[in-house]
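**Q** Input structure: coords_31.cif, which contains mmCIF, C-alpha atoms.
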```cif
data_query
loop_
_atom_site.label_atom_id
_atom_site.label_comp_id
_atom_site.auth_asym_id
_atom_site.auth_seq_id
_atom_site.Cartn_x
_atom_site.Cartn_y
_atom_site.Cartn_z
CA MET Y 1 -5.70 -59.48 19.37
CA CYS Y 2 -9.36 -59.47 20.29
CA THR Y 3 -9.85 -56.78 22.92
CA THR Y 4 -12.91 -58.53 24.30
CA CYS Y 5 -11.37 -61.94 24.94
CA GLY Y 6 -7.63 -61.38 24.52
CA CYS Y 7 -7.36 -64.30 22.08
CA GLY Y 8 -4.79 -64.32 19.32
CA PRO Y 9 -5.76 -64.02 15.66
CA ASP Y 10 -5.58 -67.78 15.01
CA GLU Y 11 -7.52 -68.94 18.07
CA HIS Y 12 -11.11 -70.14 18.12
CA HIS Y 13 -13.24 -69.65 21.22
CA ASP Y 14 -16.10 -72.12 21.37
CA HIS Y 15 -18.49 -70.73 23.95
CA ASP Y 16 -20.76 -73.76 23.80
CA HIS Y 17 -24.38 -73.67 22.61
CA GLY Y 18 -23.46 -71.93 19.35
CA GLU Y 19 -22.36 -68.66 20.90
CA GLY Y 20 -18.72 -68.88 19.85
CA HIS Y 21 -16.78 -66.41 17.79
CA HIS Y 22 -14.01 -67.20 15.36
CA HIS Y 23 -10.80 -65.52 14.27
CA HIS Y 24 -9.21 -67.04 11.19
CA HIS Y 25 -6.64 -65.10 9.20
CA HIS Y 26 -4.67 -66.79 6.42
CA GLU Y 27 -1.65 -65.58 4.50
CA GLY Y 28 -2.63 -63.21 1.74
CA GLU Y 29 -6.00 -62.36 3.28
CA SER Y 30 -6.70 -58.81 4.33
CA ARG Y 31 -7.42 -58.32 8.00
CA PRO Y 32 -10.59 -56.53 9.06
CA GLU Y 33 -10.26 -52.84 9.77
CA ALA Y 34 -10.54 -51.59 13.34
CA GLY Y 35 -14.13 -50.45 12.84
CA THR Y 36 -15.19 -53.95 11.83
CA ARG Y 37 -13.57 -55.46 14.91
CA ILE Y 38 -15.31 -52.99 17.20
CA ALA Y 39 -18.66 -53.74 15.56
CA VAL Y 40 -18.23 -57.48 16.11
CA GLU Y 41 -17.28 -57.00 19.76
CA THR Y 42 -20.17 -54.60 20.32
CA ASP Y 43 -22.56 -57.14 18.80
CA LEU Y 44 -21.14 -59.91 20.99
CA LEU Y 45 -21.63 -57.88 24.17
CA ALA Y 46 -25.12 -56.82 23.09
CA LYS Y 47 -26.13 -60.47 22.64
CA ASN Y 48 -24.66 -61.29 26.02
CA ARG Y 49 -26.62 -58.47 27.68
CA HIS Y 50 -29.81 -59.93 26.17
CA PHE Y 51 -29.15 -63.34 27.70
CA ALA Y 52 -28.03 -61.75 30.98
CA GLU Y 53 -31.32 -59.90 31.28
CA GLY Y 54 -33.18 -63.18 30.79
CA ASN Y 55 -31.10 -64.75 33.55
CA ARG Y 56 -31.72 -61.76 35.81
CA GLN Y 57 -35.48 -62.01 35.35
CA LEU Y 58 -35.39 -65.74 36.13
CA PHE Y 59 -33.32 -65.19 39.28
CA ALA Y 60 -35.67 -62.44 40.44
CA ALA Y 61 -38.73 -64.63 39.85
CA ARG Y 62 -37.16 -67.41 41.95
CA GLU Y 63 -35.88 -64.93 44.61
CA LEU Y 64 -32.39 -66.35 44.07
CA PHE Y 65 -29.32 -64.36 45.12
CA VAL Y 66 -26.51 -64.82 42.56
CA LEU Y 67 -22.81 -64.01 42.85
CA ASN Y 68 -20.16 -64.10 40.13
CA LEU Y 69 -16.79 -65.00 41.69
CA VAL Y 70 -13.81 -63.74 39.69
CA SER Y 71 -10.06 -63.79 40.24
CA SER Y 72 -6.72 -64.60 38.70
CA PRO Y 73 -5.64 -68.27 38.90
CA GLY Y 74 -4.39 -69.37 42.31
CA SER Y 75 -6.14 -66.72 44.39
CA GLY Y 76 -7.93 -69.37 46.45
CA LYS Y 77 -11.50 -68.67 45.36
CA THR Y 78 -12.41 -72.37 45.16
CA THR Y 79 -11.10 -72.90 48.70
CA ILE Y 80 -13.11 -69.89 49.91
CA LEU Y 81 -16.15 -71.35 48.19
CA GLU Y 82 -15.64 -74.79 49.75
CA ARG Y 83 -15.35 -73.35 53.26
CA THR Y 84 -18.32 -71.02 52.76
CA LEU Y 85 -20.55 -73.85 51.56
CA ARG Y 86 -19.58 -76.14 54.43
CA ASP Y 87 -19.92 -73.47 57.11
CA LEU Y 88 -23.34 -72.33 55.86
CA ALA Y 89 -24.70 -75.82 55.13
CA GLY Y 90 -28.16 -76.29 56.60
CA GLU Y 91 -28.63 -72.52 56.83
CA ILE Y 92 -28.46 -71.30 53.22
CA ARG Y 93 -29.43 -73.56 50.31
CA SER Y 94 -26.71 -73.11 47.73
CA ALA Y 95 -25.63 -74.36 44.32
CA VAL Y 96 -22.55 -73.69 42.20
CA ILE Y 97 -21.76 -73.26 38.52
CA GLU Y 98 -18.10 -74.06 37.94
CA GLY Y 99 -16.30 -72.48 34.98
CA ASP Y 100 -12.97 -73.87 33.79
CA GLN Y 101 -11.23 -74.14 30.47
CA GLN Y 102 -10.52 -77.85 31.05
CA THR Y 103 -11.10 -80.52 33.76
CA ASP Y 104 -13.78 -80.85 36.40
CA ASN Y 105 -11.35 -80.79 39.34
CA ASP Y 106 -12.97 -77.82 41.07
CA ALA Y 107 -16.49 -79.13 40.44
CA ARG Y 108 -15.58 -82.39 42.17
CA ARG Y 109 -14.24 -80.44 45.14
CA ILE Y 110 -17.48 -78.47 45.35
CA ALA Y 111 -19.62 -81.61 45.01
CA ALA Y 112 -17.76 -83.05 48.00
CA ALA Y 113 -19.07 -80.11 50.03
CA GLY Y 114 -22.56 -81.54 49.49
CA VAL Y 115 -24.12 -78.95 47.17
CA PRO Y 116 -25.46 -79.23 43.60
CA VAL Y 117 -22.84 -78.25 41.04
CA GLN Y 118 -22.84 -77.86 37.26
CA GLN Y 119 -19.62 -77.78 35.25
CA ILE Y 120 -18.99 -75.54 32.23
CA ASN Y 121 -15.80 -76.17 30.26
CA THR Y 122 -15.01 -73.26 27.95
CA GLY Y 123 -12.15 -74.88 26.01
CA ALA Y 124 -10.12 -71.98 24.63
CA GLY Y 125 -12.65 -69.49 26.02
CA CYS Y 126 -11.34 -67.23 28.76
CA HIS Y 127 -14.62 -66.42 30.53
CA LEU Y 128 -18.19 -67.54 31.07
CA ASP Y 129 -21.00 -65.79 29.23
CA ALA Y 130 -24.68 -65.37 30.07
CA HIS Y 131 -25.84 -67.93 27.52
CA MET Y 132 -23.69 -70.66 29.08
CA VAL Y 133 -24.96 -69.78 32.54
CA GLY Y 134 -28.58 -69.85 31.36
CA HIS Y 135 -28.15 -73.42 30.12
CA ALA Y 136 -26.32 -74.53 33.29
CA VAL Y 137 -29.10 -73.13 35.49
CA ASP Y 138 -31.57 -75.47 33.77
CA HIS Y 139 -29.96 -78.35 35.69
CA PHE Y 140 -30.93 -76.96 39.11
CA ASP Y 141 -34.21 -76.95 41.02
CA LEU Y 142 -34.26 -73.21 41.62
CA THR Y 143 -37.32 -73.42 43.88
CA ASN Y 144 -35.11 -75.11 46.49
CA LEU Y 145 -32.20 -72.67 46.35
CA ASP Y 146 -31.39 -69.40 48.10
CA LEU Y 147 -27.94 -68.68 46.72
CA LEU Y 148 -26.13 -69.44 43.46
CA PHE Y 149 -22.38 -69.02 43.17
CA ILE Y 150 -20.87 -68.78 39.69
CA GLU Y 151 -17.14 -69.46 39.85
CA ASN Y 152 -15.76 -67.88 36.70
CA VAL Y 153 -12.66 -68.88 34.74
CA GLY Y 154 -9.47 -67.62 36.39
CA ASN Y 155 -8.90 -64.33 34.57
CA LEU Y 156 -8.99 -60.69 35.69
CA VAL Y 157 -9.63 -59.25 32.21
CA CYS Y 158 -12.45 -60.74 30.13
CA PRO Y 159 -14.99 -61.64 32.86
CA ALA Y 160 -15.21 -57.95 33.75
CA SER Y 161 -17.03 -57.23 30.48
CA PHE Y 162 -19.56 -60.06 30.61
CA ASP Y 163 -22.70 -59.62 32.69
CA LEU Y 164 -24.09 -63.05 33.65
CA GLY Y 165 -27.27 -61.72 35.24
CA GLU Y 166 -25.70 -61.83 38.71
CA HIS Y 167 -26.44 -59.46 41.55
CA HIS Y 168 -22.77 -58.77 42.28
CA LYS Y 169 -19.30 -59.61 41.06
CA VAL Y 170 -17.03 -60.67 43.92
CA VAL Y 171 -13.32 -60.36 43.11
CA VAL Y 172 -10.86 -62.48 45.09
CA LEU Y 173 -7.32 -61.17 45.51
CA SER Y 174 -4.67 -63.01 47.54
CA VAL Y 175 -1.82 -61.39 49.44
CA THR Y 176 0.62 -63.45 47.36
CA GLU Y 177 -0.32 -61.53 44.20
CA GLY Y 178 0.76 -57.97 44.99
CA GLU Y 179 -1.20 -55.01 46.28
CA ASP Y 180 -1.22 -53.17 42.94
CA LYS Y 181 -3.60 -55.60 41.18
CA PRO Y 182 -6.57 -53.18 41.42
CA LEU Y 183 -4.61 -50.60 39.39
CA LYS Y 184 -3.30 -53.17 36.93
CA TYR Y 185 -6.80 -54.54 36.27
CA PRO Y 186 -9.05 -51.55 36.99
CA GLN Y 187 -12.01 -52.69 34.91
CA MET Y 188 -12.49 -55.79 37.04
CA PHE Y 189 -12.17 -54.00 40.37
CA HIS Y 190 -14.49 -51.26 39.12
CA ALA Y 191 -17.06 -53.88 38.09
CA ALA Y 192 -16.88 -55.78 41.39
CA ASP Y 193 -18.97 -54.73 44.39
CA VAL Y 194 -17.00 -56.88 46.84
CA MET Y 195 -13.32 -57.74 47.21
CA LEU Y 196 -12.20 -60.70 49.30
CA LEU Y 197 -8.56 -60.16 50.27
CA ASN Y 198 -7.59 -63.78 50.82
CA LYS Y 199 -4.71 -65.64 52.50
CA VAL Y 200 -4.21 -63.00 55.19
CA ASP Y 201 -2.76 -65.79 57.35
CA LEU Y 202 0.33 -65.49 55.11
CA LEU Y 203 0.88 -61.79 55.79
CA PRO Y 204 3.80 -62.42 58.22
CA HIS Y 205 5.60 -64.25 55.41
CA VAL Y 206 5.01 -62.02 52.36
CA ASP Y 207 5.79 -58.45 51.37
CA PHE Y 208 2.26 -57.09 51.06
CA ASP Y 209 0.88 -53.73 52.21
CA VAL Y 210 -2.79 -54.21 53.12
CA ALA Y 211 -3.47 -50.50 53.61
CA LYS Y 212 -1.98 -49.70 50.19
CA CYS Y 213 -4.04 -52.44 48.55
CA ARG Y 214 -7.25 -51.16 50.11
CA GLU Y 215 -6.38 -47.60 49.00
CA MET Y 216 -5.71 -48.73 45.43
CA ALA Y 217 -8.95 -50.71 45.28
CA ARG Y 218 -10.93 -47.70 46.52
CA ARG Y 219 -9.12 -45.43 44.09
CA VAL Y 220 -10.65 -47.53 41.30
CA ASN Y 221 -13.97 -48.19 43.05
CA PRO Y 222 -14.74 -45.98 46.08
CA ALA Y 223 -17.85 -48.02 46.94
CA ILE Y 224 -16.22 -51.47 46.97
CA THR Y 225 -16.80 -53.58 50.10
CA ILE Y 226 -13.61 -55.26 51.32
CA PHE Y 227 -13.29 -58.32 53.55
CA GLU Y 228 -9.89 -59.52 54.74
CA VAL Y 229 -10.16 -63.30 55.01
CA SER Y 230 -8.28 -66.55 55.26
CA SER Y 231 -10.05 -69.56 53.78
CA ARG Y 232 -7.65 -71.83 55.69
CA SER Y 233 -7.61 -70.33 59.19
CA GLY Y 234 -11.14 -68.90 59.01
CA GLU Y 235 -9.99 -65.40 59.91
CA GLY Y 236 -12.47 -62.76 58.70
CA MET Y 237 -14.91 -65.29 57.27
CA ALA Y 238 -17.64 -64.41 59.79
CA ALA Y 239 -17.94 -60.91 58.30
CA TRP Y 240 -18.23 -62.39 54.79
CA TYR Y 241 -20.92 -64.79 56.01
CA GLY Y 242 -22.79 -61.92 57.63
CA TRP Y 243 -22.83 -60.07 54.30
CA LEU Y 244 -24.13 -63.20 52.55
CA ARG Y 245 -26.89 -63.75 55.12
CA LYS Y 246 -28.02 -60.13 54.88
CA ASN Y 247 -28.21 -60.22 51.08
CA VAL Y 248 -29.85 -63.64 50.82
CA LYS Y 249 -32.56 -62.36 53.15
CA GLY Y 250 -32.89 -59.20 51.03
CA GLU Y 251 -32.04 -56.85 53.89
CA LYS Y 252 -30.84 -53.34 53.11
#
```
Here is the file; what I need is its structure written in the form of C-alpha cells.
**A**
Amino acid sequence: MCTTCGCGPDEHHDHDHGEGHHHHHHEGESRPEAGTRIAVETDLLAKNRHFAEGNRQLFAARELFVLNLVSSPGSGKTTILERTLRDLAGEIRSAVIEGDQQTDNDARRIAAAGVPVQQINTGAGCHLDAHMVGHAVDHFDLTNLDLLFIENVGNLVCPASFDLGEHHKVVVLSVTEGEDKPLKYPQMFHAADVMLLNKVDLLPHVDFDVAKCREMARRVNPAITIFEVSSRSGEGMAAWYGWLRKNVKGEK
C-alpha cells in the first residue's frame, strides 16, 4: 500500500495534468524495496511543495485569503460552505474549488449559492494536489476575489500531507462521527489550524462528549482554534464568520 495515498498496489491515481503516479505489479515481477517506495513518495511531495509555493506567491500577490476544507465523507462541510457563502454574500467576494472523485453534485450546490466554482474530479485519486489547484485557479478572476475555499476530497488521511498553497487547513468534524477522531487521524488535526465541530444541533440525540473531543484535538494540536457550529440551525456560525472577516481583512 502506498503510504502517501493509501492506494492498493494495482490502482492508478490520475491526478490530472500529468501529475499522476502509477502502481503496477504483475505476477512474477519483483516489488520495489522499501527504500525505493520512500524515494518516490518523497519526490512526489517535493514536487507538490514546488507547485504549492507557486500558488502561495500568486495568492499573496492578489491578496487572496485561501482555506483548504478537509473532512471525512458526510461531515457536512459542503452544507457549511453553502451557508457561509449565502450569509456572507455581498460582504466577502468568494469562489470555490470543489474536489471530488466523481460527479459535480457539490459544485452544482455551490453554484446555486451564487459564487464562481471550479470542479476537479480526481478519479481514483484520494486528495487534491497543488498542481490541480493551480490549474483550477486559472479559471477565476482573482482581482475580484477576497476569499477562496478549496473543498478537498472527503478523506482524513492523504490531504494532510499535501500543501495546496493555502493559508490554513480547516478540518470539519461532526458529532455523529465520534469524539476520538483527532486521535485516530492525528496528522490531519495537527496540520489543521481550525476545527469546525459540526451538527451540534444533534447533540441531544447522539452519544458524543464535546469536552472530550476538544481535549483530544488539543492533545494533538494545542494551538487549534475550535468552533462549535450547526450548518442547519446556524448555531455558532457567527463566531466562524467573525474569524473569516478578521482574516480576510488581514487583522492580527
**Q** Pick the closest to Ile224 (chain Y) from Y:Glu177, Y:Asp104, Y:Asp193, Y:Glu53: which is it, counting all atoms listed in the file?
**A**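 Once distances to Ile224 (chain Y) are computed over all atoms listed in the file, the minimum belongs to Y:Asp193.
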**Q** So which residues get picked by the PyMOL selection byres ((chain Y and resi 116-130) around 7) here, written as a PyMOL selection string?
**A** chain Y and resi 5+12-15+48+51-52+95-102+104+107+110-111+114-115+131-134+136+152-153+155+158-159+162-165
**Q** Could you check the closest approach to Val175 (chain Y) for each of Y:His190, Y:Arg49, Y:His139, Y:Arg214 and tell me which residue wins, using all atoms listed in the file?
**A** Y:Arg214
**Q** From the options Y:Arg83, Y:Val206, Y:Phe65, Y:Cys213, which residue's atoms come nearest to Met237 (chain Y), counting only C-alpha atoms?
**A**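 Residue with the minimum atom-to-atom distance to Met237 (chain Y): Y:Arg83.
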**Q** Compare Y:Ala211, Y:Leu64, Y:Val229, Y:Leu142 by their minimum atom-to-atom distance to Thr79 (chain Y), counting all atoms listed in the file, and give me the closest one.
**A** Y:Val229
